[in-house]
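Have a look at the structure below, then the notes.
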Amino acid sequence: MNKKSILDLAIFGGSPLFLSPVHANRPNVGDVDHFFTSATSIFKNRILTNNGPLARELEEKLCRYLRVRNCILTANGTSGLSMLIKALDLKGEVIIPSFTFISTAHALMWSGIRPVFCDVDPVTWSLDAGASISLISEHTTAIIGTHIWGRACDVARLENLCAERGIHLLFDAAHAFGCTYRGEPIGRFGTAEVFSFHATKVFHTFEGGAVTTDDDALAERLRKLRNFGFGDYDRVDMLGTNAKMSEIHAAMGLANLASIETTIDRCRSVWEEYRTALNGVRGLTVYARSDSEKSNYHYVVAEISQAEFGLSRDQLVDVLHSENIYARRYFYPGCHRAEPYRSLFPGAEAGLPQTREIGERVIVFPGGASMEAYDAAQICALIRFVADKAEEVASSLAVKDGHG
């Protein structure tokens, strides 16, 4: 990293640190040879989709990896959640964190269900089980918790709460493939859990998702829903949709599953580089991982305190973007402040103080298995440089923006 003064920063006219964009969680392609071997079999047997042999093999292997009875592959995570909502006949209201990806709220609204936004725990940033108690009403049919950044929700407390109230407990496990809660793989808790296998995830199938559950009857309904409601060759038993995973997507999943532990090890190496190199930077705290649980280390997340760091999170993002480092603001500004929810539920903000504060401080740096350790070190050196020059940078940004 060759920045000597703030004039060397790209935002002030200098050359960017990277010539091409470095994105947060660029897709990892895994074992390419394994993928092409599986892909070749698709063209030989001419089964391209419709619950083909590769999809069935992937479901079986995922069941073993996650230690769960049933894995129902889907076209993507959102279709999996939408199917689960239908399979459980959820109605009325469902409690979700506002600090999560917008697809959770959208899936509920598409199904005619009101999302009730709950605040998050200030330490874990997952749904606050205590805060959810006051939100449960006679119309509540489920709670959906998010295992954010691969760190599990307070599963035990949520399970007890939902059992007491007679409502379903679902988990959004999109971030949590390969992670554990009390030593058990995430994927086997609550009524069911939903995974996203999008290309940016630690385990992916290009596009895809899955619902996992130990409830055999629920799994059977989900399999029918996934395939237009068909119960047999030419018998339709129920309303359904088309959410099947194709064979080429399953081939990528099998290749990635075969090397998942190597992938996680690489993610951890990158995460450790950030944690070590950024240690001691005032006002920047790398999101902690539990020493007692397995994490996938896929997301390199930090919290920025403007008062101590000297720049706001958004100012740091602007500086990094100018250097072709595409750090991201997750999950800004919160579901409740995005449309249509901002207009539908204008009073939601008052009950979400942690969501608001965290949403304004969180930054996700480029990481994951496709990230080179050298590039991570360069990014860290730049961040340390910006932190050391924060007062100068802030003053120059104010002048640049016409406020100085």
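Please note that chains go A, B, ... in the order of the structure tokens, that every chain numbers its residues from 1, and that ligands are numbered from 1 in the order shown.
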Which range 9-72 of chain A residues have any atom within 12 Å of an atom of range 360-371 of chain A, and for each, what is the nearest pair of atoms with distance in Å to one decimal, counting only C-alpha atoms, rows sorted by chain and number, as CSV?
```
residue,atom,partner,partner_atom,distance
A:Pro21,CA,A:Pro366,CA,10.3
A:Val22,CA,A:Pro366,CA,6.7
A:His23,CA,A:Pro366,CA,5.6
A:Ala24,CA,A:Pro366,CA,3.6
A:Asn25,CA,A:Gly368,CA,5.4
A:Arg26,CA,A:Ser370,CA,6.4
A:Pro27,CA,A:Ser370,CA,6.7
A:Asn28,CA,A:Ser370,CA,5.1
A:Val29,CA,A:Ser370,CA,8.0
A:Gly30,CA,A:Ala369,CA,9.0
```
Could you save those same residues with N, CA and C atoms as a PDB file, in the first residue's frame?
```pdb
ATOM      1  N   PRO A  21     -12.559  -3.841  -9.593  1.00  0.00           N
ATOM      2  CA  PRO A  21     -13.332  -3.893  -8.349  1.00  0.00           C
ATOM      3  C   PRO A  21     -13.058  -5.139  -7.516  1.00  0.00           C
ATOM      4  N   VAL A  22     -12.945  -4.941  -6.210  1.00  0.00           N
ATOM      5  CA  VAL A  22     -12.836  -6.037  -5.251  1.00  0.00           C
ATOM      6  C   VAL A  22     -14.137  -6.035  -4.452  1.00  0.00           C
ATOM      7  N   HIS A  23     -14.972  -7.017  -4.709  1.00  0.00           N
ATOM      8  CA  HIS A  23     -16.311  -7.039  -4.122  1.00  0.00           C
ATOM      9  C   HIS A  23     -16.339  -7.829  -2.817  1.00  0.00           C
ATOM     10  N   ALA A  24     -17.290  -7.473  -1.975  1.00  0.00           N
ATOM     11  CA  ALA A  24     -17.538  -8.255  -0.766  1.00  0.00           C
ATOM     12  C   ALA A  24     -18.098  -9.609  -1.175  1.00  0.00           C
ATOM     13  N   ASN A  25     -17.426 -10.681  -0.731  1.00  0.00           N
ATOM     14  CA  ASN A  25     -17.888 -12.047  -0.963  1.00  0.00           C
ATOM     15  C   ASN A  25     -18.085 -12.377  -2.445  1.00  0.00           C
ATOM     16  N   ARG A  26     -17.013 -12.148  -3.193  1.00  0.00           N
ATOM     17  CA  ARG A  26     -16.998 -12.573  -4.588  1.00  0.00           C
ATOM     18  C   ARG A  26     -17.164 -14.093  -4.637  1.00  0.00           C
ATOM     19  N   PRO A  27     -17.935 -14.623  -5.595  1.00  0.00           N
ATOM     20  CA  PRO A  27     -18.196 -16.066  -5.626  1.00  0.00           C
ATOM     21  C   PRO A  27     -16.928 -16.910  -5.657  1.00  0.00           C
ATOM     22  N   ASN A  28     -16.972 -17.992  -4.915  1.00  0.00           N
ATOM     23  CA  ASN A  28     -15.907 -18.985  -4.907  1.00  0.00           C
ATOM     24  C   ASN A  28     -16.326 -20.127  -5.831  1.00  0.00           C
ATOM     25  N   VAL A  29     -15.468 -20.511  -6.770  1.00  0.00           N
ATOM     26  CA  VAL A  29     -15.871 -21.513  -7.760  1.00  0.00           C
ATOM     27  C   VAL A  29     -15.566 -22.937  -7.320  1.00  0.00           C
ATOM     28  N   GLY A  30     -14.840 -23.124  -6.243  1.00  0.00           N
ATOM     29  CA  GLY A  30     -14.635 -24.458  -5.692  1.00  0.00           C
ATOM     30  C   GLY A  30     -13.845 -25.377  -6.605  1.00  0.00           C
TER      31      GLY A  30
END
```
Residues of range 236-302 of chain A within 10 Å of range 31-37 of chain A: nearest atom pair and distance (Å, one decimal) for each, counting only C-alpha atoms, sorted by chain and number, as a tab-separated table?
```
residue	atom	partner	partner_atom	distance
A:Ile248	CA	A:Phe35	CA	8.8
A:His249	CA	A:Phe35	CA	9.7
A:Ala250	CA	A:Phe35	CA	9.3
A:Ala251	CA	A:Phe35	CA	5.7
A:Met252	CA	A:Phe35	CA	5.5
A:Gly253	CA	A:Phe35	CA	8.4
A:Leu254	CA	A:Phe35	CA	7.4
A:Ala255	CA	A:Phe35	CA	5.1
A:Asn256	CA	A:Asp31	CA	6.5
A:Leu257	CA	A:Asp31	CA	9.3
A:Ala258	CA	A:Asp31	CA	7.9
A:Ser259	CA	A:Asp31	CA	6.9
A:Ile260	CA	A:Asp31	CA	9.8
```
Just checking: using only C-alpha atoms, which residue out of A:Ile358, A:Ile264, A:Val236, A:Ala217 ends up closest to Leu88 in chain A?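 Looking only at the distances to Leu88 in chain A, the closest residue turns out to be A:Ala217.
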Pairwise distance, CA of Arg275 in chain A with CA of Asp375 in chain A, equals 14.3 Å
Write out as number ranges by chain all residues of range 162-403 of chain A that backbone DSSP assigns to alpha helix (DSSP H). A: 162-165, 216-226, 247-258, 260-277, 306-309, 313-322, 341-344, 353-359, 373-388, 390-400
